[in-house]
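Text of coords-v9.cif (mmCIF, C-alpha atoms) as supplied:
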data_target
loop_
_atom_site.label_atom_id
_atom_site.label_comp_id
_atom_site.auth_asym_id
_atom_site.auth_seq_id
_atom_site.Cartn_x
_atom_site.Cartn_y
_atom_site.Cartn_z
CA MET C 1 0.00 0.00 0.00
CA SER C 2 1.41 3.34 -0.97
CA ALA C 3 0.42 6.38 1.07
CA PRO C 4 1.22 10.06 0.67
CA ALA C 5 3.88 11.51 2.93
CA LEU C 6 2.57 12.88 6.21
CA SER C 7 2.33 16.65 6.26
CA PRO C 8 4.25 18.53 8.97
CA GLN C 9 2.16 20.69 11.28
CA PRO C 10 3.15 24.28 11.97
CA GLU C 11 4.56 25.22 15.34
CA SER C 12 1.93 26.53 17.73
CA SER C 13 1.46 30.29 17.67
CA ILE C 14 -0.53 30.21 20.91
CA GLY C 15 0.55 32.53 23.74
CA THR C 16 2.76 31.66 26.66
CA VAL C 17 0.28 31.80 29.55
CA LYS C 18 0.57 28.43 31.30
CA TYR C 19 -2.57 26.41 32.01
CA SER C 20 -2.49 23.22 34.05
CA GLY C 21 -5.16 20.57 33.67
CA ASN C 22 -4.98 20.18 37.47
CA ARG C 23 -5.54 23.88 38.15
CA PRO C 24 -8.14 24.96 35.60
CA ARG C 25 -8.67 28.60 34.76
CA GLY C 26 -12.19 29.65 33.93
CA ILE C 27 -13.81 29.97 30.52
CA SER C 28 -16.86 31.89 31.77
CA GLY C 29 -17.94 34.40 29.15
CA THR C 30 -16.06 32.67 26.31
CA SER C 31 -18.18 32.79 23.16
CA VAL C 32 -18.21 29.47 21.28
CA LEU C 33 -19.94 28.62 18.00
CA ILE C 34 -20.61 24.88 17.66
CA THR C 35 -21.78 22.89 14.63
CA ASP C 36 -23.70 19.62 14.10
CA GLU C 37 -26.89 20.04 16.07
CA HIS C 38 -28.11 16.42 15.80
CA TYR C 39 -25.21 14.62 17.52
CA LYS C 40 -25.46 13.29 21.10
CA HIS C 41 -21.90 14.41 21.82
CA THR C 42 -22.67 17.91 20.51
CA LEU C 43 -25.33 18.01 23.21
CA GLY C 44 -22.72 16.90 25.73
CA ILE C 45 -20.37 19.71 24.65
CA VAL C 46 -23.10 22.37 24.82
CA ARG C 47 -24.20 21.26 28.29
CA HIS C 48 -20.63 21.01 29.57
CA LEU C 49 -19.47 24.41 28.32
CA GLY C 50 -22.74 26.07 29.31
CA ARG C 51 -22.42 24.83 32.87
CA GLN C 52 -18.97 26.45 33.00
CA GLY C 53 -20.45 29.78 31.97
CA ALA C 54 -19.47 29.85 28.29
CA ASN C 55 -21.82 31.55 25.85
CA VAL C 56 -22.67 28.72 23.47
CA SER C 57 -24.25 29.22 20.04
CA VAL C 58 -25.17 26.46 17.60
CA VAL C 59 -25.27 26.47 13.79
CA ALA C 60 -28.45 24.54 12.95
CA SER C 61 -31.08 23.93 10.32
CA SER C 62 -33.96 24.16 12.82
CA ARG C 63 -34.59 25.54 16.29
CA ASP C 64 -36.28 22.21 17.02
CA SER C 65 -33.04 20.25 16.58
CA LEU C 66 -31.73 18.10 19.44
CA VAL C 67 -29.02 20.47 20.71
CA CYS C 68 -31.05 23.64 20.16
CA ARG C 69 -33.54 22.43 22.78
CA SER C 70 -30.90 22.58 25.51
CA ARG C 71 -31.18 25.33 28.10
CA TYR C 72 -27.46 25.94 27.58
CA CYS C 73 -27.84 26.88 23.92
CA ARG C 74 -27.80 30.69 24.08
CA GLU C 75 -28.29 31.35 20.35
CA VAL C 76 -29.30 29.38 17.26
CA VAL C 77 -27.63 30.50 14.02
CA LEU C 78 -30.00 29.18 11.36
CA SER C 79 -28.63 27.89 8.07
CA PRO C 80 -30.99 28.26 5.11
CA GLU C 81 -29.40 25.23 3.43
CA PRO C 82 -29.10 22.00 5.50
CA THR C 83 -25.93 20.76 3.78
CA VAL C 84 -22.25 20.88 4.72
CA LYS C 85 -21.76 23.64 2.14
CA GLY C 86 -24.68 25.58 3.61
CA PHE C 87 -23.53 25.15 7.20
CA VAL C 88 -20.00 26.25 6.30
CA ALA C 89 -21.31 29.37 4.54
CA THR C 90 -23.51 30.18 7.55
CA THR C 91 -20.57 29.68 9.93
CA VAL C 92 -18.27 31.92 7.88
CA GLU C 93 -20.91 34.65 7.72
CA ALA C 94 -21.57 34.40 11.48
CA VAL C 95 -17.92 34.78 12.46
CA ARG C 96 -17.48 37.68 10.04
CA ARG C 97 -20.15 39.52 12.01
CA GLY C 98 -17.86 39.02 15.00
CA GLY C 99 -18.18 38.03 18.63
CA TYR C 100 -16.97 34.41 18.66
CA ASP C 101 -13.76 33.40 20.41
CA LEU C 102 -13.81 29.87 18.99
CA VAL C 103 -15.55 27.79 16.33
CA MET C 104 -15.87 24.14 17.35
CA PRO C 105 -16.93 21.64 14.66
CA VAL C 106 -18.04 18.19 15.80
CA SER C 107 -18.65 15.90 12.80
CA TYR C 108 -15.97 14.81 10.37
CA PRO C 109 -17.50 16.59 7.33
CA MET C 110 -17.70 19.89 9.20
CA THR C 111 -14.27 19.46 10.81
CA LEU C 112 -12.66 18.93 7.41
CA ALA C 113 -14.70 21.63 5.67
CA LEU C 114 -13.89 24.29 8.28
CA ALA C 115 -10.22 23.24 8.34
CA GLN C 116 -10.22 24.00 4.62
CA GLN C 117 -11.53 27.49 5.47
CA GLN C 118 -9.05 28.24 8.26
CA GLU C 119 -7.30 31.02 6.38
CA GLN C 120 -10.62 32.84 5.95
CA LEU C 121 -11.71 32.31 9.53
CA ILE C 122 -8.58 33.07 11.57
CA ALA C 123 -8.97 36.78 10.89
CA TYR C 124 -12.18 36.68 12.93
CA THR C 125 -12.00 33.72 15.35
CA ARG C 126 -9.99 30.65 16.37
CA LEU C 127 -10.22 27.04 15.18
CA GLU C 128 -8.10 24.60 17.15
CA LEU C 129 -7.68 22.14 14.29
CA SER C 130 -4.88 20.45 12.40
CA SER C 131 -4.47 21.28 8.72
CA ALA C 132 -7.05 19.93 6.28
CA LEU C 133 -4.38 17.70 4.73
CA ALA C 134 -3.46 16.17 8.10
CA ILE C 135 -7.14 15.60 8.91
CA GLU C 136 -7.68 13.81 5.59
CA GLN C 137 -4.59 11.68 6.17
CA ALA C 138 -5.70 10.74 9.69
CA ALA C 139 -9.12 9.73 8.36
CA ASN C 140 -7.63 7.57 5.61
CA LYS C 141 -7.43 4.05 7.03
CA LEU C 142 -4.91 2.91 4.42
CA VAL C 143 -2.58 5.77 5.34
CA THR C 144 -2.90 5.12 9.07
CA VAL C 145 -2.33 1.38 8.69
CA GLU C 146 0.88 2.06 6.76
CA LEU C 147 1.97 4.68 9.31
CA ALA C 148 1.31 2.26 12.18
CA GLN C 149 3.39 -0.43 10.51
CA ARG C 150 6.29 2.03 10.11
CA ILE C 151 6.31 3.14 13.74
CA GLY C 152 5.64 -0.18 15.43
CA VAL C 153 1.95 0.02 16.33
CA PRO C 154 0.18 -3.35 15.82
CA VAL C 155 -2.55 -3.53 13.16
CA PRO C 156 -4.88 -6.25 11.90
CA LYS C 157 -3.91 -8.00 8.68
CA THR C 158 -5.29 -5.56 6.10
CA PHE C 159 -5.94 -5.70 2.35
CA ASP C 160 -7.06 -3.02 -0.11
CA SER C 161 -10.03 -4.44 -2.03
CA SER C 162 -9.11 -2.36 -5.09
CA ARG C 163 -6.11 -4.71 -5.34
CA SER C 164 -8.33 -7.75 -5.04
CA VAL C 165 -6.93 -10.47 -2.81
CA LEU C 166 -9.07 -12.90 -4.80
CA LEU C 167 -7.76 -11.87 -8.21
CA ASN C 168 -4.16 -11.72 -7.03
CA GLY C 169 -4.24 -15.20 -5.57
CA ARG C 170 -3.89 -14.05 -1.96
CA ALA C 171 -7.17 -15.45 -0.67
CA GLY C 172 -5.21 -18.07 1.23
CA GLU C 173 -3.86 -15.31 3.49
CA LEU C 174 -7.35 -14.53 4.79
CA MET C 175 -8.63 -15.93 8.07
CA PHE C 176 -12.41 -15.75 8.38
CA PRO C 177 -14.43 -13.96 9.51
CA VAL C 178 -13.15 -10.77 7.91
CA VAL C 179 -14.40 -7.20 8.26
CA LEU C 180 -15.14 -4.92 5.29
CA LYS C 181 -15.18 -1.18 5.91
CA PRO C 182 -14.78 2.05 3.91
CA SER C 183 -11.14 3.00 3.43
CA LYS C 184 -11.89 6.61 4.41
CA GLU C 185 -14.04 8.36 7.00
CA SER C 186 -17.65 8.62 5.86
CA PRO C 187 -20.58 10.64 7.26
CA GLY C 188 -22.68 8.92 9.90
CA ARG C 189 -22.02 5.43 11.18
CA SER C 190 -19.42 3.52 9.18
CA ARG C 191 -20.83 0.85 6.88
CA VAL C 192 -19.08 -2.12 8.49
CA ARG C 193 -19.89 -5.55 7.10
CA TYR C 194 -18.67 -9.09 7.82
CA ALA C 195 -17.86 -12.07 5.63
CA ASN C 196 -17.65 -15.55 7.12
CA ASN C 197 -16.27 -17.29 4.02
CA ILE C 198 -14.94 -16.70 0.50
CA GLY C 199 -18.43 -16.79 -1.02
CA GLU C 200 -19.75 -14.02 1.23
CA LEU C 201 -16.63 -11.95 0.62
CA GLU C 202 -16.97 -12.26 -3.16
CA GLU C 203 -20.62 -11.18 -2.94
CA LEU C 204 -19.85 -8.11 -0.81
CA LEU C 205 -17.04 -7.08 -3.15
CA ARG C 206 -19.37 -7.54 -6.13
CA GLN C 207 -21.96 -5.28 -4.50
CA ASN C 208 -19.32 -2.61 -3.99
CA ARG C 209 -18.02 -2.57 -7.59
CA SER C 210 -20.15 0.42 -8.54
CA SER C 211 -18.71 2.48 -5.67
CA SER C 212 -15.81 4.81 -6.34
CA GLU C 213 -14.47 4.11 -2.86
CA PRO C 214 -12.62 0.85 -2.28
CA LEU C 215 -13.22 -1.20 0.83
CA LEU C 216 -10.66 -2.35 3.34
CA ILE C 217 -10.62 -6.06 4.13
CA GLN C 218 -9.31 -6.73 7.63
CA GLU C 219 -9.02 -9.76 9.86
CA PHE C 220 -11.62 -9.76 12.60
CA ILE C 221 -10.04 -9.09 16.00
CA PRO C 222 -11.83 -10.97 18.81
CA GLY C 223 -11.93 -9.08 22.07
CA TYR C 224 -13.23 -5.64 23.00
CA GLY C 225 -13.07 -2.18 21.47
CA CYS C 226 -11.23 0.61 23.24
CA GLY C 227 -9.96 4.08 22.53
CA PHE C 228 -7.17 6.50 23.30
CA PHE C 229 -8.34 10.12 23.33
CA ALA C 230 -6.16 13.19 23.45
CA THR C 231 -5.82 16.94 23.19
CA TYR C 232 -2.72 18.07 21.31
CA GLN C 233 -1.33 21.58 21.12
CA GLY C 234 1.14 22.29 18.35
CA GLY C 235 2.21 18.64 18.07
CA VAL C 236 2.52 18.08 21.84
CA CYS C 237 0.19 15.88 23.89
CA LYS C 238 -1.63 17.84 26.61
CA ARG C 239 -4.41 15.54 27.83
CA ILE C 240 -5.18 11.83 27.62
CA PHE C 241 -8.20 9.65 28.35
CA MET C 242 -9.07 6.01 27.62
CA HIS C 243 -12.21 3.92 27.54
CA ARG C 244 -13.34 0.44 26.64
CA ARG C 245 -16.68 -0.51 25.20
CA VAL C 246 -19.12 -2.48 27.32
CA ARG C 247 -22.02 -2.67 24.85
CA GLU C 248 -22.37 -1.51 21.26
CA TYR C 249 -24.88 -1.03 18.48
CA PRO C 250 -24.82 -3.17 16.43
CA ALA C 251 -23.95 -5.62 19.18
CA ARG C 252 -21.23 -7.32 17.12
CA GLY C 253 -19.31 -4.08 16.77
CA GLY C 254 -20.32 -0.47 16.25
CA VAL C 255 -21.13 2.64 18.28
CA SER C 256 -20.82 2.54 22.09
CA SER C 257 -24.13 2.30 23.90
CA CYS C 258 -22.31 1.75 27.21
CA ALA C 259 -18.61 2.31 27.94
CA GLU C 260 -16.28 2.64 30.90
CA SER C 261 -13.09 4.53 31.57
CA PHE C 262 -9.81 2.75 32.28
CA TYR C 263 -6.07 3.20 31.85
CA ASP C 264 -3.38 1.11 30.19
CA ALA C 265 0.20 2.28 29.69
CA LYS C 266 0.64 0.31 26.44
CA LEU C 267 -2.49 1.87 24.97
CA GLU C 268 -1.19 5.33 25.87
CA GLU C 269 2.13 4.52 24.21
CA TYR C 270 0.49 3.37 20.97
CA GLY C 271 -2.04 6.21 20.85
CA ARG C 272 0.55 8.90 21.46
CA ARG C 273 2.92 7.30 18.97
CA MET C 274 0.29 7.71 16.23
CA LEU C 275 -0.66 11.30 17.05
CA ASP C 276 2.95 12.33 17.66
CA ALA C 277 3.81 11.10 14.16
CA LEU C 278 1.00 13.22 12.73
CA LYS C 279 2.20 16.26 14.75
CA TRP C 280 -1.42 16.70 15.77
CA HIS C 281 -3.25 19.81 16.95
CA GLY C 282 -6.68 19.71 18.58
CA VAL C 283 -8.63 16.66 19.73
CA ALA C 284 -8.61 13.14 18.30
CA MET C 285 -9.53 9.54 19.06
CA VAL C 286 -7.29 6.62 18.17
CA GLU C 287 -9.46 3.50 18.10
CA PHE C 288 -8.12 0.02 18.92
CA ARG C 289 -9.36 -3.48 19.65
CA HIS C 290 -7.83 -5.49 22.46
CA ASP C 291 -7.05 -8.86 20.90
CA SER C 292 -8.15 -11.67 23.23
CA ARG C 293 -5.78 -14.09 21.46
CA ASP C 294 -2.51 -12.35 22.34
CA GLY C 295 -3.52 -9.51 24.69
CA GLU C 296 -2.25 -6.89 22.22
CA PHE C 297 -3.95 -3.65 21.19
CA LYS C 298 -4.56 -3.52 17.40
CA LEU C 299 -5.16 -0.20 15.65
CA MET C 300 -8.55 0.23 13.97
CA GLU C 301 -8.61 3.87 12.86
CA ILE C 302 -8.12 7.49 13.86
CA ASN C 303 -11.09 9.81 14.31
CA PRO C 304 -9.65 13.31 13.74
CA LYS C 305 -12.54 14.98 15.56
CA PHE C 306 -14.77 14.71 18.62
CA TRP C 307 -16.10 11.20 19.24
CA GLY C 308 -19.52 9.80 20.10
CA SER C 309 -18.66 8.69 23.65
CA LEU C 310 -17.35 12.11 24.70
CA ASP C 311 -19.92 12.28 27.53
CA LEU C 312 -17.99 9.58 29.39
CA ALA C 313 -14.75 11.57 29.24
CA LEU C 314 -16.51 14.71 30.48
CA ALA C 315 -18.17 12.85 33.37
CA ALA C 316 -14.77 11.37 34.28
CA GLY C 317 -13.16 14.82 34.46
CA ALA C 318 -11.36 14.96 31.09
CA ASP C 319 -12.37 18.40 29.81
CA PHE C 320 -11.59 18.22 26.10
CA PRO C 321 -13.92 21.06 24.96
CA GLY C 322 -12.54 23.22 27.77
CA ASP C 323 -9.01 22.54 26.51
CA LEU C 324 -9.92 23.99 23.12
CA CYS C 325 -11.41 27.05 24.79
CA HIS C 326 -8.27 27.61 26.84
CA MET C 327 -6.15 27.23 23.73
CA ALA C 328 -8.32 29.73 21.86
CA LEU C 329 -7.85 32.19 24.74
CA GLY C 330 -4.09 32.01 24.27
CA ARG C 331 -3.14 29.63 27.07
CA THR C 332 -0.52 26.92 26.83
CA LEU C 333 -1.75 23.68 28.39
CA SER C 334 0.19 21.34 30.62
CA LEU C 335 -0.06 17.56 30.28
CA SER C 336 -2.92 16.03 32.30
CA ARG C 337 -3.54 12.31 32.81
CA ASP C 338 -6.07 12.96 35.58
CA TYR C 339 -9.50 11.40 35.25
CA ASP C 340 -11.75 8.90 37.01
CA ARG C 341 -10.42 5.59 35.69
CA ASP C 342 -13.34 3.43 36.79
CA LEU C 343 -16.51 5.17 35.61
CA ARG C 344 -19.26 3.57 33.55
CA PHE C 345 -21.57 5.60 31.27
CA GLN C 346 -24.57 4.64 29.15
CA TRP C 347 -26.74 6.32 26.52
CA PRO C 348 -30.27 4.96 27.08
CA LEU C 349 -32.25 7.04 24.56
CA SER C 350 -29.72 8.08 21.92
CA GLY C 351 -30.07 7.08 18.29
CA HIS C 352 -27.55 4.23 18.58
CA GLY C 353 -27.86 3.75 22.34
CA GLU C 354 -28.95 1.05 24.74
CA LEU C 355 -32.43 0.46 23.30
CA PHE C 356 -30.92 -0.10 19.87
CA HIS C 357 -28.35 -2.44 21.38
CA LEU C 358 -31.22 -4.46 22.87
CA TRP C 359 -32.85 -4.56 19.43
CA THR C 360 -29.85 -6.58 18.18
CA ARG C 361 -29.05 -8.43 21.43
CA PRO C 362 -32.17 -8.77 23.64
CA GLN C 363 -30.35 -11.12 26.03
CA SER C 364 -28.51 -8.03 27.34
CA ILE C 365 -31.70 -6.78 29.01
CA PHE C 366 -30.59 -7.65 32.55
CA SER C 367 -27.17 -6.00 32.26
CA VAL C 368 -28.71 -2.88 30.69
CA LEU C 369 -31.31 -2.61 33.47
CA ARG C 370 -28.71 -3.24 36.17
CA ASP C 371 -26.60 -0.35 34.89
CA PHE C 372 -29.64 1.89 34.45
CA LEU C 373 -30.65 1.34 38.08
CA ASP C 374 -27.12 1.64 39.47
CA PRO C 375 -26.59 5.20 40.80
CA ARG C 376 -22.85 4.87 40.16
CA VAL C 377 -23.45 4.52 36.40
CA ARG C 378 -23.84 7.87 34.66
CA SER C 379 -25.94 8.67 31.59
CA ASN C 380 -26.71 11.58 29.30
CA VAL C 381 -30.28 11.83 30.62
CA SER C 382 -30.42 15.15 32.47
CA LEU C 383 -33.44 16.03 34.60
CA SER C 384 -32.30 19.67 34.70
CA ASP C 385 -32.04 19.81 30.90
CA PHE C 386 -34.57 17.21 29.79
CA ARG C 387 -35.95 18.84 26.63
CA PRO C 388 -33.23 17.33 24.40
CA ASN C 389 -33.77 13.89 25.98
CA PHE C 390 -37.50 14.22 25.37
CA ARG C 391 -36.62 14.90 21.73
CA GLU C 392 -34.49 11.74 21.69
CA LEU C 393 -37.34 9.72 23.19
CA ALA C 394 -39.83 11.02 20.62
CA GLY C 395 -37.40 10.15 17.84
CA LEU C 396 -36.96 6.63 19.19
CA LEU C 397 -40.70 6.04 19.42
CA GLY C 398 -41.06 7.23 15.84
CA LYS C 399 -38.36 4.83 14.63
CA PHE C 400 -39.79 1.84 16.48
CA TYR C 401 -43.31 2.65 15.24
CA GLY C 402 -42.02 2.93 11.69
CA ALA C 403 -40.17 -0.38 12.02
CA ARG C 404 -43.34 -2.13 13.23
CA LYS C 405 -45.34 -0.75 10.29
CA ASP C 406 -42.72 -2.09 7.87
#
What is this structure when it is put down as structure tokens?
Amino acid sequence: MSAPALSPQPESSIGTVKYSGNRPRGISGTSVLITDEHYKHTLGIVRHLGRQGANVSVVASSRDSLVCRSRYCREVVLSPEPTVKGFVATTVEAVRRGGYDLVMPVSYPMTLALAQQQEQLIAYTRLELSSALAIEQAANKLVTVELAQRIGVPVPKTFDSSRSVLLNGRAGELMFPVVLKPSKESPGRSRVRYANNIGELEELLRQNRSSSEPLLIQEFIPGYGCGFFATYQGGVCKRIFMHRRVREYPARGGVSSCAESFYDAKLEEYGRRMLDALKWHGVAMVEFRHDSRDGEFKLMEINPKFWGSLDLALAAGADFPGDLCHMALGRTLSLSRDYDRDLRFQWPLSGHGELFHLWTRPQSIFSVLRDFLDPRVRSNVSLSDFRPNFRELAGLLGKFYGARKD
């Protein structure tokens, strides 16, 4: 596999005021413009920053959107066109009018699109992002697999389907089941599929022939999913956090519906090795699976943006959105490894949360209920800010009703 050379990141131009993760300085009054109003972790960011006194505005297509219902959303900046292009244009126009200390994209499409507009935006506000080229490279699974192999981070056995393992006589190298996934970051939940034998693999590859995007074929790693999360400032790691998945949707592997914090020195080493090589700036998630066969962590992908389980990190004391605010205010962060390393979090009502997990694995009902009733387990249901959760519940009922009609 041939990958483009990694782009160097510029040295940080942020000021010299020192900020320690252990001795936080306030962000009250900081004006933040956030995108992606439908994401559960956007809601977590808005609530978290709002509780710290930040003035949070949201670029949205409707005032009825999930995040816009939060009591902590001070202003809704409506976009007349509900597309990435429309949201970017609305964001650029909003910051030109002035008043925002920081623009904080959440989804990959908006993160990349606004990174491509950094030169326009930095005259009016701050974006704590890597370059658009670095973001694209981090989101390219072929590039990251090759990078990992060069720097000694374990990866699953991986093939590029555009260089067909079947046509090139390499099918004997495959151990089933195998996982098929897009080679690059795609909007929404990744289209992950599984093949249990050569026949199923050939059929999935045939179905994908009309697509311009090749699939990756990877060995399936038995074990559990986990992640290394970090804030970087000018290529230097400033905060870390780790979690492992407890339950997912789909149950075989997907989005976390329940996760718990933990710490492992080897996982930190591998995660930092990847982001150090990219000379990262901003937040990122490096996703792994812990291989039950050899106890090793195997790289899955890099998410060069905020991640869906961010609520867990915030509840555990890892203030990633706050880091970006401090950076935008000209403060240099100090490294923090401090967080609650034994906290469990669940998403009962979210679009890919616990109820959807139960849809694919009903035998989990007792473990889901046990966690829901355990006061030590946290969730994103907030009685003091319930309007967004009510919106989630209404959406869930609509989906289940529609599924029954079908």
Can you list, as an MDAnalysis selection string, every protein, DNA or RNA residue that comes within 8 Å of segment 175-177 of chain C when you count all atoms listed in the file, leaving out same-chain residues fewer than 2 positions away? chainID C and resid 172:173 179 194:197 219:220
Could those selected residues go to a file with C-alpha atoms, as a JSON list (two decimals), keeping the file's coordinate frame?
[["chain", "number", "residue", "atom", "x", "y", "z"],
["C", 172, "GLY", "CA", -5.21, -18.07, 1.23],
["C", 173, "GLU", "CA", -3.86, -15.31, 3.49],
["C", 179, "VAL", "CA", -14.40, -7.20, 8.26],
["C", 194, "TYR", "CA", -18.67, -9.09, 7.82],
["C", 195, "ALA", "CA", -17.86, -12.07, 5.63],
["C", 196, "ASN", "CA", -17.65, -15.55, 7.12],
["C", 197, "ASN", "CA", -16.27, -17.29, 4.02],
["C", 219, "GLU", "CA", -9.02, -9.76, 9.86],
["C", 220, "PHE", "CA", -11.62, -9.76, 12.60]]
What would the selection look like, as an MDAnalysis selection string, if the PyMOL selection byres ((chain C and resi 158) around 7) were run on the coordinates I just shared? chainID C and resid 156:157 159:160 216:219
Using all atoms listed in the file, which residue out of C:Asp340, C:Leu275, C:Glu260, C:Val103 lies closest to Ser379 of chain C? C:Glu260
Mind checking which residues fall within 7 Å of His357 of chain C, counting all atoms listed in the file, ignoring those fewer than 5 positions away in the same chain, and posting them as a VMD selection string? chain C and resid 248 to 251 257
If you count only C-alpha atoms, which residues fall within 12 Å of Ala284 of chain C, apart from same-chain ones fewer than 4 positions away, as a PyMOL selection string? chain C and resi 106-108+111+128-130+134-135+138-139+227-233+237-242+271-272+274-276+278-280+301-308+310+320-321+324
Please provide the set of residues having any atom within 10 Å of Val155 of chain C, restricted to all atoms listed in the file, with same-chain residues fewer than 3 positions apart removed, written as a list of chain:residue names.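 Contacts, with the query itself left out: C:Thr144, C:Val145, C:Glu146, C:Ala148, C:Gln149, C:Gly152, C:Thr158, C:Gln218, C:Glu219, C:Ile221, C:Phe288, C:Arg289, C:Glu296, C:Phe297, C:Lys298, C:Leu299, C:Met300, C:Glu301.
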Counting only C-alpha atoms, what is within 9 Å of Arg193 of chain C, bar same-chain residues fewer than 2 positions away, as a PyMOL selection string? chain C and resi 178-181+191+195+204
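For the pair atom CA of Val56 of chain C and atom CA of Arg74 of chain C, the interatomic distance is 5.5 Å.
What separates atom CA of Cys226 of chain C from atom CA of Glu200 of chain C is a distance of 27.8 Å.
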Evaluate the PyMOL selection byres ((chain C and resi 224) around 6) on the structure here and hand back the selected residues as a ChimeraX atom specification. /C:223,225,289-290
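With only C-alpha atoms as the atoms that count, the residue of C:Pro105, C:Pro362, C:Pro182, C:Gly86 with the shortest distance to Ser211 of chain C is C:Pro182.
Across C:Val92, C:Cys73, C:Ala318, C:Val236, the tightest approach to Gly282 of chain C is made by C:Val236 when counting all atoms listed in the file.
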From C:Gln363, C:Thr125, C:Thr35, C:Ser350, residue lying nearest Ala113 of chain C [all atoms listed in the file]: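 Of C:Gln363, C:Thr125, C:Thr35, C:Ser350, the one nearest Ala113 of chain C is C:Thr35, counting all atoms listed in the file.
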Top pick for closest residue to His352 of chain C, considering C:Ser31, C:Thr83, C:Gln117, C:Ser309 and counting all atoms listed in the file: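 Under the stated criterion, the closest residue is C:Ser309.
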So, with only C-alpha atoms as the atoms that count, which of C:Asp371, C:Ser210, C:Ser364, C:Gly295 lies closest to Ala259 of chain C?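 Closest residue, counting only C-alpha atoms: C:Asp371.
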Enter the distance from atom CA of Pro80 of chain C to atom CA of Ala60 of chain C, in Å, rounded to one decimal. 9.0 Å
Residues in the PyMOL selection byres ((chain C and resi 315) around 10), expressed as JSON, numbers by chain: {"C": [44, 48, 261, 310, 311, 312, 313, 314, 316, 317, 318, 319, 339, 340, 343, 344, 345, 378, 379, 380]}
Would you compute, for all listed atoms of segment 334-346 of chain C, the axis-aligned bounding box grown by 6 Å on each side, and then report its centre and edge lengths in Å rounded to one decimal, as JSON?
{"center_x": -12.2, "center_y": 12.4, "center_z": 33.1, "size_x": 36.8, "size_y": 29.9, "size_z": 19.9}
